[in-house]
Amino acid sequence: MNHRTSTRNYFRCSTDGCSVKKRVERDTDDSSYVITTYEGTHNHTSPSVVYYTAQDDDSGRFFVSGCENLPQSS
């Protein structure tokens with residue numbers, strides 16, 4: 001029997017009191033892709049960075065195509 005395995009990494013939100021967990025693993029069919037899964041809801045405001053995603057035309061998968069710092073409010 002042949003089992004496909006992928007490397008998984010687990011993370012917790014670094015904000016005190018927030019219990020959100022993130023799992024990152026390689027796609028078993030195409031290791032150039034990573035799959036990110038979040039569990040829970042953040043109980044704080046988001047960081048001041050926006051990530052832009054794009055979708056691959058052939059596979060339909062999404063990937064991060066860039067990021068931008070949001071202006072700080074005064």
# chains A, B, ... in the order shown; residues from 1 in each chain; ligands from 1
call {"tool": "residues_around", "arguments": {"residues": "Ser19 of chain A", "least_positions_apart": "6", "cutoff": "12 Å", "atoms": "only C-alpha atoms", "output": "MDAnalysis selection string"}}
result
chainID A and resid 11:13 38:44
call {"tool": "write_last_selection", "arguments": {"atoms": "all heavy atoms", "output": "PDB file, in the first residue's frame"}}
result
ATOM      1  N   PHE A  11       0.634  26.422  13.510  1.00  0.00           N
ATOM      2  CA  PHE A  11       0.926  27.712  14.117  1.00  0.00           C
ATOM      3  C   PHE A  11      -0.276  28.176  14.927  1.00  0.00           C
ATOM      4  O   PHE A  11      -1.407  27.849  14.611  1.00  0.00           O
ATOM      5  CB  PHE A  11       1.215  28.767  13.034  1.00  0.00           C
ATOM      6  CG  PHE A  11       2.338  28.393  12.120  1.00  0.00           C
ATOM      7  CD1 PHE A  11       2.093  27.675  10.968  1.00  0.00           C
ATOM      8  CD2 PHE A  11       3.632  28.757  12.421  1.00  0.00           C
ATOM      9  CE1 PHE A  11       3.129  27.324  10.113  1.00  0.00           C
ATOM     10  CE2 PHE A  11       4.681  28.415  11.576  1.00  0.00           C
ATOM     11  CZ  PHE A  11       4.422  27.696  10.423  1.00  0.00           C
ATOM     12  N   ARG A  12      -0.023  28.979  15.951  1.00  0.00           N
ATOM     13  CA  ARG A  12      -1.078  29.653  16.712  1.00  0.00           C
ATOM     14  C   ARG A  12      -0.915  31.146  16.507  1.00  0.00           C
ATOM     15  O   ARG A  12       0.185  31.639  16.310  1.00  0.00           O
ATOM     16  CB  ARG A  12      -0.967  29.339  18.205  1.00  0.00           C
ATOM     17  CG  ARG A  12      -1.375  27.944  18.557  1.00  0.00           C
ATOM     18  CD  ARG A  12      -1.565  27.841  20.067  1.00  0.00           C
ATOM     19  NE  ARG A  12      -1.968  26.517  20.430  1.00  0.00           N
ATOM     20  CZ  ARG A  12      -3.225  26.083  20.462  1.00  0.00           C
ATOM     21  NH1 ARG A  12      -4.202  26.902  20.146  1.00  0.00           N
ATOM     22  NH2 ARG A  12      -3.517  24.850  20.803  1.00  0.00           N
ATOM     23  N   CYS A  13      -2.024  31.871  16.590  1.00  0.00           N
ATOM     24  CA  CYS A  13      -1.964  33.321  16.493  1.00  0.00           C
ATOM     25  C   CYS A  13      -1.075  33.851  17.613  1.00  0.00           C
ATOM     26  O   CYS A  13      -1.131  33.365  18.744  1.00  0.00           O
ATOM     27  CB  CYS A  13      -3.373  33.917  16.592  1.00  0.00           C
ATOM     28  SG  CYS A  13      -3.394  35.708  16.451  1.00  0.00           S
ATOM     29  N   TYR A  38      -7.204  27.569   8.327  1.00  0.00           N
ATOM     30  CA  TYR A  38      -7.370  28.283   9.595  1.00  0.00           C
ATOM     31  C   TYR A  38      -8.501  27.655  10.376  1.00  0.00           C
ATOM     32  O   TYR A  38      -9.508  27.259   9.808  1.00  0.00           O
ATOM     33  CB  TYR A  38      -7.686  29.767   9.355  1.00  0.00           C
ATOM     34  CG  TYR A  38      -6.519  30.533   8.792  1.00  0.00           C
ATOM     35  CD1 TYR A  38      -6.337  30.645   7.427  1.00  0.00           C
ATOM     36  CD2 TYR A  38      -5.604  31.149   9.630  1.00  0.00           C
ATOM     37  CE1 TYR A  38      -5.265  31.350   6.900  1.00  0.00           C
ATOM     38  CE2 TYR A  38      -4.536  31.860   9.119  1.00  0.00           C
ATOM     39  CZ  TYR A  38      -4.373  31.952   7.746  1.00  0.00           C
ATOM     40  OH  TYR A  38      -3.317  32.645   7.239  1.00  0.00           O
ATOM     41  N   GLU A  39      -8.341  27.602  11.690  1.00  0.00           N
ATOM     42  CA  GLU A  39      -9.382  27.091  12.575  1.00  0.00           C
ATOM     43  C   GLU A  39      -9.663  28.145  13.636  1.00  0.00           C
ATOM     44  O   GLU A  39      -8.772  28.534  14.374  1.00  0.00           O
ATOM     45  CB  GLU A  39      -8.907  25.800  13.252  1.00  0.00           C
ATOM     46  CG  GLU A  39      -9.919  25.189  14.169  1.00  0.00           C
ATOM     47  CD  GLU A  39      -9.381  23.946  14.835  1.00  0.00           C
ATOM     48  OE1 GLU A  39      -8.850  23.066  14.132  1.00  0.00           O
ATOM     49  OE2 GLU A  39      -9.462  23.877  16.070  1.00  0.00           O
ATOM     50  N   GLY A  40     -10.907  28.627  13.692  1.00  0.00           N
ATOM     51  CA  GLY A  40     -11.282  29.615  14.689  1.00  0.00           C
ATOM     52  C   GLY A  40     -11.461  30.996  14.088  1.00  0.00           C
ATOM     53  O   GLY A  40     -11.321  31.197  12.880  1.00  0.00           O
ATOM     54  N   THR A  41     -11.800  31.942  14.939  1.00  0.00           N
ATOM     55  CA  THR A  41     -12.010  33.332  14.548  1.00  0.00           C
ATOM     56  C   THR A  41     -11.154  34.221  15.434  1.00  0.00           C
ATOM     57  O   THR A  41     -11.179  34.077  16.656  1.00  0.00           O
ATOM     58  CB  THR A  41     -13.498  33.721  14.723  1.00  0.00           C
ATOM     59  OG1 THR A  41     -14.297  32.823  13.955  1.00  0.00           O
ATOM     60  CG2 THR A  41     -13.744  35.140  14.257  1.00  0.00           C
ATOM     61  N   HIS A  42     -10.396  35.113  14.803  1.00  0.00           N
ATOM     62  CA  HIS A  42      -9.563  36.034  15.573  1.00  0.00           C
ATOM     63  C   HIS A  42     -10.450  36.933  16.444  1.00  0.00           C
ATOM     64  O   HIS A  42     -11.520  37.358  16.018  1.00  0.00           O
ATOM     65  CB  HIS A  42      -8.712  36.912  14.650  1.00  0.00           C
ATOM     66  CG  HIS A  42      -7.642  36.167  13.930  1.00  0.00           C
ATOM     67  ND1 HIS A  42      -6.458  35.819  14.524  1.00  0.00           N
ATOM     68  CD2 HIS A  42      -7.584  35.686  12.669  1.00  0.00           C
ATOM     69  CE1 HIS A  42      -5.710  35.170  13.656  1.00  0.00           C
ATOM     70  NE2 HIS A  42      -6.372  35.072  12.514  1.00  0.00           N
ATOM     71  N   ASN A  43     -10.010  37.218  17.655  1.00  0.00           N
ATOM     72  CA  ASN A  43     -10.768  38.071  18.572  1.00  0.00           C
ATOM     73  C   ASN A  43     -10.117  39.453  18.701  1.00  0.00           C
ATOM     74  O   ASN A  43     -10.222  40.102  19.720  1.00  0.00           O
ATOM     75  CB  ASN A  43     -10.910  37.409  19.950  1.00  0.00           C
ATOM     76  CG  ASN A  43      -9.578  37.155  20.611  1.00  0.00           C
ATOM     77  OD1 ASN A  43      -8.527  37.500  20.072  1.00  0.00           O
ATOM     78  ND2 ASN A  43      -9.617  36.559  21.781  1.00  0.00           N
ATOM     79  N   HIS A  44      -9.450  39.899  17.639  1.00  0.00           N
ATOM     80  CA  HIS A  44      -8.743  41.181  17.634  1.00  0.00           C
ATOM     81  C   HIS A  44      -8.740  41.722  16.214  1.00  0.00           C
ATOM     82  O   HIS A  44      -9.124  41.021  15.270  1.00  0.00           O
ATOM     83  CB  HIS A  44      -7.302  40.994  18.149  1.00  0.00           C
ATOM     84  CG  HIS A  44      -6.565  39.929  17.399  1.00  0.00           C
ATOM     85  ND1 HIS A  44      -5.866  40.190  16.254  1.00  0.00           N
ATOM     86  CD2 HIS A  44      -6.457  38.596  17.637  1.00  0.00           C
ATOM     87  CE1 HIS A  44      -5.337  39.044  15.811  1.00  0.00           C
ATOM     88  NE2 HIS A  44      -5.684  38.069  16.618  1.00  0.00           N
TER      89      HIS A  44
END
call {"tool": "residues_around", "arguments": {"residues": "Arg8 of chain A", "least_positions_apart": "6", "cutoff": "7 Å", "atoms": "only C-alpha atoms", "output": "count of residues only"}}
result
3
call {"tool": "closest_residue", "arguments": {"among": "A:Phe63, A:Ala54, A:Ser46, A:Thr37", "to": "Thr15 of chain A", "atoms": "only C-alpha atoms"}}
result
A:Ser46
